[in-house]
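> One file is attached below, entry28.pdb, containing PDB, C-alpha atoms, pLDDT in the B column.
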ATOM      1  CA  MET A   1     150.886  87.285  -7.254  1.00 69.00           C
ATOM      2  CA  SER A   2     152.936  90.442  -6.870  1.00 89.00           C
ATOM      3  CA  HIS A   3     151.645  93.534  -5.115  1.00 97.00           C
ATOM      4  CA  VAL A   4     152.549  97.192  -4.927  1.00 98.00           C
ATOM      5  CA  VAL A   5     153.123  97.804  -1.231  1.00 98.00           C
ATOM      6  CA  LEU A   6     153.304 101.191   0.454  1.00 97.00           C
ATOM      7  CA  TYR A   7     155.833 100.584   3.233  1.00 96.00           C
ATOM      8  CA  ALA A   8     155.844 103.671   5.426  1.00 95.00           C
ATOM      9  CA  SER A   9     156.629 104.751   8.942  1.00 94.00           C
ATOM     10  CA  MET A  10     154.347 107.289  10.520  1.00 96.00           C
ATOM     11  CA  SER A  11     153.629 108.900  13.853  1.00 96.00           C
ATOM     12  CA  VAL A  12     150.366 108.312  15.680  1.00 96.00           C
ATOM     13  CA  ASP A  13     149.244 111.757  14.461  1.00 96.00           C
ATOM     14  CA  GLY A  14     149.874 110.808  10.816  1.00 96.00           C
ATOM     15  CA  PHE A  15     153.237 112.374   9.969  1.00 96.00           C
ATOM     16  CA  ALA A  16     155.732 110.529   7.735  1.00 93.00           C
ATOM     17  CA  THR A  17     158.496 113.012   8.581  1.00 90.00           C
ATOM     18  CA  GLY A  18     159.082 115.353  11.435  1.00 90.00           C
ATOM     19  CA  PRO A  19     159.614 119.091  11.019  1.00 91.00           C
ATOM     20  CA  ASP A  20     162.354 119.941   8.471  1.00 87.00           C
ATOM     21  CA  ASP A  21     162.067 116.414   6.975  1.00 83.00           C
ATOM     22  CA  ASP A  22     163.581 114.908  10.140  1.00 85.00           C
ATOM     23  CA  LEU A  23     163.324 111.101  10.096  1.00 85.00           C
ATOM     24  CA  SER A  24     165.345 110.361  13.230  1.00 85.00           C
ATOM     25  CA  VAL A  25     162.350 109.952  15.552  1.00 89.00           C
ATOM     26  CA  LEU A  26     160.268 107.771  13.216  1.00 90.00           C
ATOM     27  CA  HIS A  27     163.256 105.769  12.027  1.00 86.00           C
ATOM     28  CA  GLY A  28     165.226 105.617  15.265  1.00 86.00           C
ATOM     29  CA  TRP A  29     165.943 101.933  14.586  1.00 82.00           C
ATOM     30  CA  ALA A  30     167.928 103.025  11.507  1.00 77.00           C
ATOM     31  CA  PHE A  31     169.680 105.839  13.368  1.00 79.00           C
ATOM     32  CA  GLY A  32     171.038 103.591  16.130  1.00 81.00           C
ATOM     33  CA  ASP A  33     168.191 103.818  18.681  1.00 88.00           C
ATOM     34  CA  SER A  34     168.313 100.400  20.357  1.00 90.00           C
ATOM     35  CA  THR A  35     164.946 101.021  22.073  1.00 90.00           C
ATOM     36  CA  MET A  36     163.251 100.603  18.668  1.00 92.00           C
ATOM     37  CA  ALA A  37     163.162  97.646  16.307  1.00 92.00           C
ATOM     38  CA  MET A  38     161.336  96.680  13.136  1.00 93.00           C
ATOM     39  CA  HIS A  39     159.519  93.347  13.315  1.00 95.00           C
ATOM     40  CA  PRO A  40     161.612  90.559  11.696  1.00 95.00           C
ATOM     41  CA  GLN A  41     158.698  89.338   9.543  1.00 97.00           C
ATOM     42  CA  VAL A  42     158.131  92.826   8.101  1.00 96.00           C
ATOM     43  CA  THR A  43     161.858  93.225   7.487  1.00 93.00           C
ATOM     44  CA  ALA A  44     162.072  89.835   5.722  1.00 96.00           C
ATOM     45  CA  GLU A  45     159.124  90.684   3.483  1.00 96.00           C
ATOM     46  CA  PHE A  46     160.729  93.988   2.530  1.00 95.00           C
ATOM     47  CA  PHE A  47     164.026  92.314   1.612  1.00 94.00           C
ATOM     48  CA  ALA A  48     162.153  89.781  -0.539  1.00 96.00           C
ATOM     49  CA  ALA A  49     160.797  92.577  -2.743  1.00 97.00           C
ATOM     50  CA  GLY A  50     161.806  92.707  -6.391  1.00 97.00           C
ATOM     51  CA  ALA A  51     162.203  96.496  -6.539  1.00 97.00           C
ATOM     52  CA  VAL A  52     161.832  99.618  -4.417  1.00 96.00           C
ATOM     53  CA  ILE A  53     160.601 103.113  -5.216  1.00 97.00           C
ATOM     54  CA  PHE A  54     161.318 106.155  -3.106  1.00 89.00           C
ATOM     55  CA  GLY A  55     161.732 109.882  -3.571  1.00 84.00           C
ATOM     56  CA  ALA A  56     164.852 112.006  -3.720  1.00 79.00           C
ATOM     57  CA  ARG A  57     164.209 113.349  -0.199  1.00 74.00           C
ATOM     58  CA  THR A  58     164.189 109.830   1.194  1.00 73.00           C
ATOM     59  CA  LEU A  59     167.437 109.127  -0.628  1.00 71.00           C
ATOM     60  CA  ARG A  60     169.063 112.246   0.855  1.00 67.00           C
ATOM     61  CA  ALA A  61     167.693 111.520   4.336  1.00 64.00           C
ATOM     62  CA  GLY A  62     168.873 107.918   4.165  1.00 62.00           C
ATOM     63  CA  ASP A  63     172.460 108.799   3.310  1.00 62.00           C
ATOM     64  CA  GLU A  64     173.236 109.519   6.970  1.00 62.00           C
ATOM     65  CA  ALA A  65     171.455 106.459   8.348  1.00 58.00           C
ATOM     66  CA  TRP A  66     172.667 103.985   5.744  1.00 62.00           C
ATOM     67  CA  GLY A  67     176.288 105.083   5.575  1.00 62.00           C
ATOM     68  CA  ASP A  68     178.295 102.479   3.680  1.00 65.00           C
ATOM     69  CA  GLU A  69     176.019  99.551   4.544  1.00 67.00           C
ATOM     70  CA  SER A  70     174.546  97.456   1.757  1.00 66.00           C
ATOM     71  CA  ILE A  71     170.872  98.186   2.381  1.00 76.00           C
ATOM     72  CA  PHE A  72     169.014  97.347  -0.818  1.00 84.00           C
ATOM     73  CA  PRO A  73     169.574  93.979  -2.495  1.00 89.00           C
ATOM     74  CA  MET A  74     167.068  94.997  -5.177  1.00 94.00           C
ATOM     75  CA  PRO A  75     166.952  97.818  -7.767  1.00 95.00           C
ATOM     76  CA  VAL A  76     165.767 101.208  -6.492  1.00 94.00           C
ATOM     77  CA  PHE A  77     163.887 103.731  -8.652  1.00 96.00           C
ATOM     78  CA  VAL A  78     163.901 107.388  -7.625  1.00 94.00           C
ATOM     79  CA  PRO A  79     161.515 109.870  -9.274  1.00 95.00           C
ATOM     80  CA  THR A  80     163.217 113.247  -9.449  1.00 90.00           C
ATOM     81  CA  HIS A  81     163.197 116.420 -11.512  1.00 85.00           C
ATOM     82  CA  GLU A  82     167.004 116.385 -11.569  1.00 82.00           C
ATOM     83  CA  ARG A  83     168.585 114.683 -14.574  1.00 79.00           C
ATOM     84  CA  ARG A  84     170.943 112.046 -13.159  1.00 84.00           C
ATOM     85  CA  GLU A  85     172.623 108.938 -14.431  1.00 90.00           C
ATOM     86  CA  ALA A  86     172.018 105.629 -12.661  1.00 89.00           C
ATOM     87  CA  VAL A  87     174.477 104.961  -9.868  1.00 84.00           C
ATOM     88  CA  VAL A  88     175.515 101.956  -7.805  1.00 84.00           C
ATOM     89  CA  ARG A  89     175.686 102.822  -4.106  1.00 77.00           C
ATOM     90  CA  ASN A  90     176.263 100.382  -1.296  1.00 74.00           C
ATOM     91  CA  GLY A  91     175.723  97.498  -3.705  1.00 77.00           C
ATOM     92  CA  ALA A  92     172.360  98.716  -5.017  1.00 81.00           C
ATOM     93  CA  LEU A  93     171.492 100.139  -8.409  1.00 87.00           C
ATOM     94  CA  PHE A  94     169.690 103.488  -8.092  1.00 87.00           C
ATOM     95  CA  THR A  95     167.929 104.574 -11.276  1.00 94.00           C
ATOM     96  CA  PHE A  96     166.591 108.123 -11.498  1.00 95.00           C
ATOM     97  CA  VAL A  97     163.397 108.605 -13.504  1.00 96.00           C
ATOM     98  CA  ASP A  98     161.083 111.478 -14.418  1.00 94.00           C
ATOM     99  CA  SER A  99     157.903 110.495 -12.568  1.00 95.00           C
ATOM    100  CA  ALA A 100     156.358 108.198  -9.969  1.00 96.00           C
ATOM    101  CA  GLU A 101     154.428 106.477 -12.752  1.00 97.00           C
ATOM    102  CA  GLU A 102     157.640 105.755 -14.687  1.00 97.00           C
ATOM    103  CA  ALA A 103     159.269 104.472 -11.501  1.00 97.00           C
ATOM    104  CA  LEU A 104     156.353 102.093 -10.983  1.00 98.00           C
ATOM    105  CA  GLU A 105     156.388 100.868 -14.570  1.00 97.00           C
ATOM    106  CA  ARG A 106     160.123 100.167 -14.473  1.00 97.00           C
ATOM    107  CA  ALA A 107     160.009  98.625 -10.990  1.00 97.00           C
ATOM    108  CA  VAL A 108     157.235  96.204 -11.963  1.00 97.00           C
ATOM    109  CA  ALA A 109     159.187  95.264 -15.114  1.00 97.00           C
ATOM    110  CA  VAL A 110     162.327  94.278 -13.170  1.00 96.00           C
ATOM    111  CA  ALA A 111     160.618  92.798 -10.077  1.00 97.00           C
ATOM    112  CA  GLY A 112     160.152  89.423 -11.743  1.00 95.00           C
ATOM    113  CA  GLY A 113     156.737  88.816 -10.187  1.00 96.00           C
ATOM    114  CA  ARG A 114     157.897  89.811  -6.697  1.00 98.00           C
ATOM    115  CA  ASP A 115     156.368  92.691  -4.776  1.00 98.00           C
ATOM    116  CA  VAL A 116     157.294  96.301  -5.488  1.00 98.00           C
ATOM    117  CA  TYR A 117     157.702  98.459  -2.387  1.00 98.00           C
ATOM    118  CA  ILE A 118     157.131 102.192  -2.201  1.00 97.00           C
ATOM    119  CA  MET A 119     159.344 103.069   0.734  1.00 92.00           C
ATOM    120  CA  GLY A 120     158.156 106.047   2.750  1.00 76.00           C
ATOM    121  CA  SER A 121     158.265 109.077   0.465  1.00 86.00           C
ATOM    122  CA  PRO A 122     154.857 110.625   1.171  1.00 91.00           C
ATOM    123  CA  HIS A 123     154.830 112.687  -2.033  1.00 92.00           C
ATOM    124  CA  VAL A 124     155.607 109.675  -4.229  1.00 94.00           C
ATOM    125  CA  ALA A 125     153.179 107.499  -2.260  1.00 94.00           C
ATOM    126  CA  ARG A 126     150.334 109.989  -2.710  1.00 94.00           C
ATOM    127  CA  GLN A 127     150.947 110.133  -6.471  1.00 94.00           C
ATOM    128  CA  LEU A 128     150.710 106.346  -6.757  1.00 96.00           C
ATOM    129  CA  ILE A 129     147.693 106.136  -4.432  1.00 96.00           C
ATOM    130  CA  ALA A 130     145.989 108.764  -6.623  1.00 94.00           C
ATOM    131  CA  ILE A 131     146.275 106.521  -9.695  1.00 95.00           C
ATOM    132  CA  ASP A 132     145.047 103.475  -7.738  1.00 95.00           C
ATOM    133  CA  ALA A 133     148.389 101.686  -8.055  1.00 97.00           C
ATOM    134  CA  VAL A 134     148.826 100.655  -4.394  1.00 97.00           C
ATOM    135  CA  ASP A 135     147.517  97.232  -3.356  1.00 98.00           C
ATOM    136  CA  VAL A 136     148.764  97.039   0.239  1.00 98.00           C
ATOM    137  CA  PHE A 137     149.564  99.548   2.975  1.00 98.00           C
ATOM    138  CA  GLU A 138     152.249  98.303   5.411  1.00 97.00           C
ATOM    139  CA  LEU A 139     152.378 100.998   8.098  1.00 97.00           C
ATOM    140  CA  ALA A 140     154.992 101.100  10.845  1.00 96.00           C
ATOM    141  CA  ILE A 141     153.279 103.277  13.425  1.00 97.00           C
ATOM    142  CA  THR A 142     155.756 104.709  15.894  1.00 95.00           C
ATOM    143  CA  GLY A 143     154.475 105.585  19.362  1.00 93.00           C
ATOM    144  CA  VAL A 144     155.087 109.320  19.127  1.00 94.00           C
ATOM    145  CA  LEU A 145     153.082 112.466  18.398  1.00 96.00           C
ATOM    146  CA  LEU A 146     155.199 114.745  16.183  1.00 96.00           C
ATOM    147  CA  GLY A 147     152.812 117.665  15.836  1.00 95.00           C
ATOM    148  CA  GLY A 148     154.359 118.734  12.533  1.00 95.00           C
ATOM    149  CA  GLY A 149     156.153 117.591   9.410  1.00 94.00           C
ATOM    150  CA  VAL A 150     154.813 116.001   6.242  1.00 92.00           C
ATOM    151  CA  ARG A 151     151.589 114.040   6.606  1.00 94.00           C
ATOM    152  CA  LEU A 152     151.525 110.700   4.837  1.00 92.00           C
ATOM    153  CA  PHE A 153     147.931 110.896   3.624  1.00 93.00           C
ATOM    154  CA  ASP A 154     147.370 114.611   2.967  1.00 90.00           C
ATOM    155  CA  GLN A 155     145.516 115.819  -0.123  1.00 88.00           C
ATOM    156  CA  LEU A 156     144.455 112.466  -1.511  1.00 90.00           C
ATOM    157  CA  PRO A 157     141.828 112.449  -4.238  1.00 85.00           C
ATOM    158  CA  HIS A 158     139.171 109.761  -4.458  1.00 83.00           C
ATOM    159  CA  LEU A 159     138.464 109.394  -0.754  1.00 88.00           C
ATOM    160  CA  PRO A 160     137.267 107.481   1.096  1.00 92.00           C
ATOM    161  CA  LEU A 161     139.551 104.563   0.255  1.00 93.00           C
ATOM    162  CA  ALA A 162     138.391 101.299   1.819  1.00 95.00           C
ATOM    163  CA  LEU A 163     141.073  99.205   3.519  1.00 97.00           C
ATOM    164  CA  ASP A 164     140.943  95.790   5.184  1.00 98.00           C
ATOM    165  CA  ALA A 165     143.291  95.242   8.152  1.00 97.00           C
ATOM    166  CA  THR A 166     144.938  91.883   7.546  1.00 98.00           C
ATOM    167  CA  ARG A 167     147.486  91.827  10.398  1.00 97.00           C
ATOM    168  CA  VAL A 168     148.962  93.668  13.329  1.00 98.00           C
ATOM    169  CA  LEU A 169     152.501  92.934  14.554  1.00 98.00           C
ATOM    170  CA  GLU A 170     154.148  94.557  17.536  1.00 96.00           C
ATOM    171  CA  SER A 171     157.824  95.230  17.972  1.00 95.00           C
ATOM    172  CA  LYS A 172     159.837  97.584  20.143  1.00 94.00           C
ATOM    173  CA  ARG A 173     157.969 100.962  20.025  1.00 94.00           C
ATOM    174  CA  ILE A 174     156.521 100.189  16.575  1.00 96.00           C
ATOM    175  CA  THR A 175     153.163  98.664  15.686  1.00 97.00           C
ATOM    176  CA  HIS A 176     153.033  97.266  12.160  1.00 97.00           C
ATOM    177  CA  VAL A 177     149.572  97.342  10.620  1.00 98.00           C
ATOM    178  CA  ARG A 178     148.985  95.811   7.198  1.00 98.00           C
ATOM    179  CA  TYR A 179     145.947  96.775   5.136  1.00 98.00           C
ATOM    180  CA  ASP A 180     144.795  95.430   1.794  1.00 98.00           C
ATOM    181  CA  VAL A 181     143.137  97.982  -0.488  1.00 97.00           C
ATOM    182  CA  LEU A 182     139.556  96.935  -1.184  1.00 96.00           C
ATOM    183  CA  ARG A 183     138.583  97.427  -4.807  1.00 88.00           C
TER     184      ARG A 183
END
Would you kindly transcribe this structure into structure tokens?

Amino acid sequence: MSHVVLYASMSVDGFATGPDDDLSVLHGWAFGDSTMAMHPQVTAEFFAAGAVIFGARTLRAGDEAWGDESIFPMPVFVPTHERREAVVRNGALFTFVDSAEEALERAVAVAGGRDVYIMGSPHVARQLIAIDAVDVFELAITGVLLGGGVRLFDQLPHLPLALDATRVLESKRITHVRYDVLR
């Protein structure tokens, strides 16, 4: 059965970005920091997804890290207020939509029964958490205190939200914690 998975990196103090939307500390593995590494199991699960959703800020921030590499073997849906035509970049189809809800609807439709991943994007993640659309939280907790930036779980309605820890995986400077949402 497919799930909607929030796949997000965060600092120990709960930030999904550093000040000024800086992702280099949390995503050092993507910016060439060899002292960090994502766990291979988590990476394999991500690449098995049927579709990905992330916000326009994540797309802009990723441009530097991704360069010309083919990163996404699945369709990517980007909620944005800017009217844009779909584009193929680095081998992936990026489709721009009007809302997080539309992104989810379209992602589920093309995923073919595979999981849909919400990648980072705290604003998009919070919108989909608010409508009870997230089934699994896959958190990559980086061993750093940022002290500022954008918090992943700020201003959520309908709290508390009960979660069940289903696994913990360690890799270089990242602890991956997976939670199922209890309904």
> Nearest to Ala8 of chain A: which of A:Leu139, A:Val110, A:Leu156, A:Val177 is it, counting only C-alpha atoms?
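Under the stated criterion, the closest residue is A:Leu139.
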> What does the PyMOL selection byres ((chain A and resi 55) around 7) select in this file, as a ChimeraX atom specification?
/A:54,56-59,78-80,121,124
> Can I get the selected residues back with C-alpha atoms, as a PDB file, in the coordinates of the input?

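Okay, this is what ended up in again19.pdb:
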ATOM      1  CA  PHE A  54     161.318 106.155  -3.106  1.00 89.00           C
ATOM      2  CA  ALA A  56     164.852 112.006  -3.720  1.00 79.00           C
ATOM      3  CA  ARG A  57     164.209 113.349  -0.199  1.00 74.00           C
ATOM      4  CA  THR A  58     164.189 109.830   1.194  1.00 73.00           C
ATOM      5  CA  LEU A  59     167.437 109.127  -0.628  1.00 71.00           C
ATOM      6  CA  VAL A  78     163.901 107.388  -7.625  1.00 94.00           C
ATOM      7  CA  PRO A  79     161.515 109.870  -9.274  1.00 95.00           C
ATOM      8  CA  THR A  80     163.217 113.247  -9.449  1.00 90.00           C
ATOM      9  CA  SER A 121     158.265 109.077   0.465  1.00 86.00           C
ATOM     10  CA  VAL A 124     155.607 109.675  -4.229  1.00 94.00           C
TER      11      VAL A 124
END
> For this file, the PyMOL selection byres ((chain A and resi 91-97) around 9) selects which residues, as a PyMOL selection string?
chain A and resi 56+69-90+98-100+102-103
> Applied to this file, what does the PyMOL selection byres ((chain A and resi 134) around 7) return in terms of residues, put as a list in words?
Val4, Val5, Leu6, Leu128, Ile129, Asp132, Ala133, Asp135 and Val136 of chain A
> Contacts between segment 11-23 of chain A and segment 113-171 of chain A, please, where a residue of segment 113-171 of chain A counts if it comes within 7 Å (with all atoms listed in the file); show its shortest atom pair and distance in Å to one decimal, rows by chain and ascending number, as CSV.

residue,atom,partner,partner_atom,distance
A:Pro122,CA,A:Ala16,CA,6.6
A:Ile141,CA,A:Ser11,CA,5.7
A:Thr142,CA,A:Ser11,CA,5.1
A:Gly143,CA,A:Val12,CA,6.2
A:Val144,CA,A:Ser11,CA,5.5
A:Leu145,CA,A:Asp13,CA,5.5
A:Leu146,CA,A:Gly18,CA,6.2
A:Gly148,CA,A:Pro19,CA,5.5
A:Gly149,CA,A:Pro19,CA,4.1
A:Val150,CA,A:Thr17,CA,5.3
A:Arg151,CA,A:Phe15,CA,4.1
A:Leu152,CA,A:Ala16,CA,5.1
> One number please: atom CA of Val116 of chain A to atom CA of His3 of chain A, in Å, one decimal.
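Value for the atom CA of Val116 of chain A-atom CA of His3 of chain A distance: 6.3 Å.
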> May I ask for the distance between atom CA of His123 of chain A and atom CA of Ile53 of chain A, given in Å to one decimal place?
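Atom CA of His123 of chain A sits 11.6 Å away from atom CA of Ile53 of chain A.
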> Identify which of the residues A:Tyr7, A:Ala162, A:Ala130, A:Gly120 lies closest to Val42 of chain A, counting only C-alpha atoms when measuring atom-to-atom distances.
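Nearest to Val42 of chain A: A:Tyr7.
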> Provide the atom CA of Phe47 of chain A to atom CA of Tyr117 of chain A distance in Å, to one decimal place.
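About the pair atom CA of Phe47 of chain A and atom CA of Tyr117 of chain A: they are 9.7 Å apart.
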> With only C-alpha atoms as the basis for distance, which of A:Ser171, A:Ser2, A:Gln155, A:Thr166 is at the shortest distance from Met36 of chain A?
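For Met36 of chain A, the nearest of the candidates is A:Ser171.
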> Please, what is the axis-aligned box for every listed atom of segment 114-127 of chain A with 3 Å on each side, as centre and edge lengths in Å to one decimal, as lines of an AutoDock Vina configuration file?

center_x = 154.8
center_y = 101.2
center_z = -2.0
size_x = 15.0
size_y = 28.9
size_z = 15.4
> Select, from A:Leu169, A:Val52, A:Ala44, A:Ala125, the residue with the minimum atom-to-atom distance to Ala109 of chain A, counting all atoms listed in the file.
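That would be A:Val52, the residue with the smallest distance to Ala109 of chain A.
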> Compare A:Phe46, A:His27, A:Thr35, A:Phe137 by their minimum atom-to-atom distance to Phe153 of chain A, counting only C-alpha atoms, and give me the closest one.
A:Phe137
> For Ala165 of chain A, find every residue with an atom within 7 Å (counting all atoms listed in the file), except residues of its own chain fewer than 3 positions away, and show them as a PyMOL selection string.
chain A and resi 178-180
> I need the residues from that last selection saved to file as an mmCIF file, in the coordinates of the input (with C-alpha atoms), if you can.

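And here's out-v4.cif as it stands now:
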data_model
loop_
_atom_site.group_PDB
_atom_site.id
_atom_site.type_symbol
_atom_site.label_atom_id
_atom_site.label_comp_id
_atom_site.auth_asym_id
_atom_site.auth_seq_id
_atom_site.Cartn_x
_atom_site.Cartn_y
_atom_site.Cartn_z
ATOM 1 C CA ARG A 178 148.985 95.811 7.198
ATOM 2 C CA TYR A 179 145.947 96.775 5.136
ATOM 3 C CA ASP A 180 144.795 95.430 1.794
#
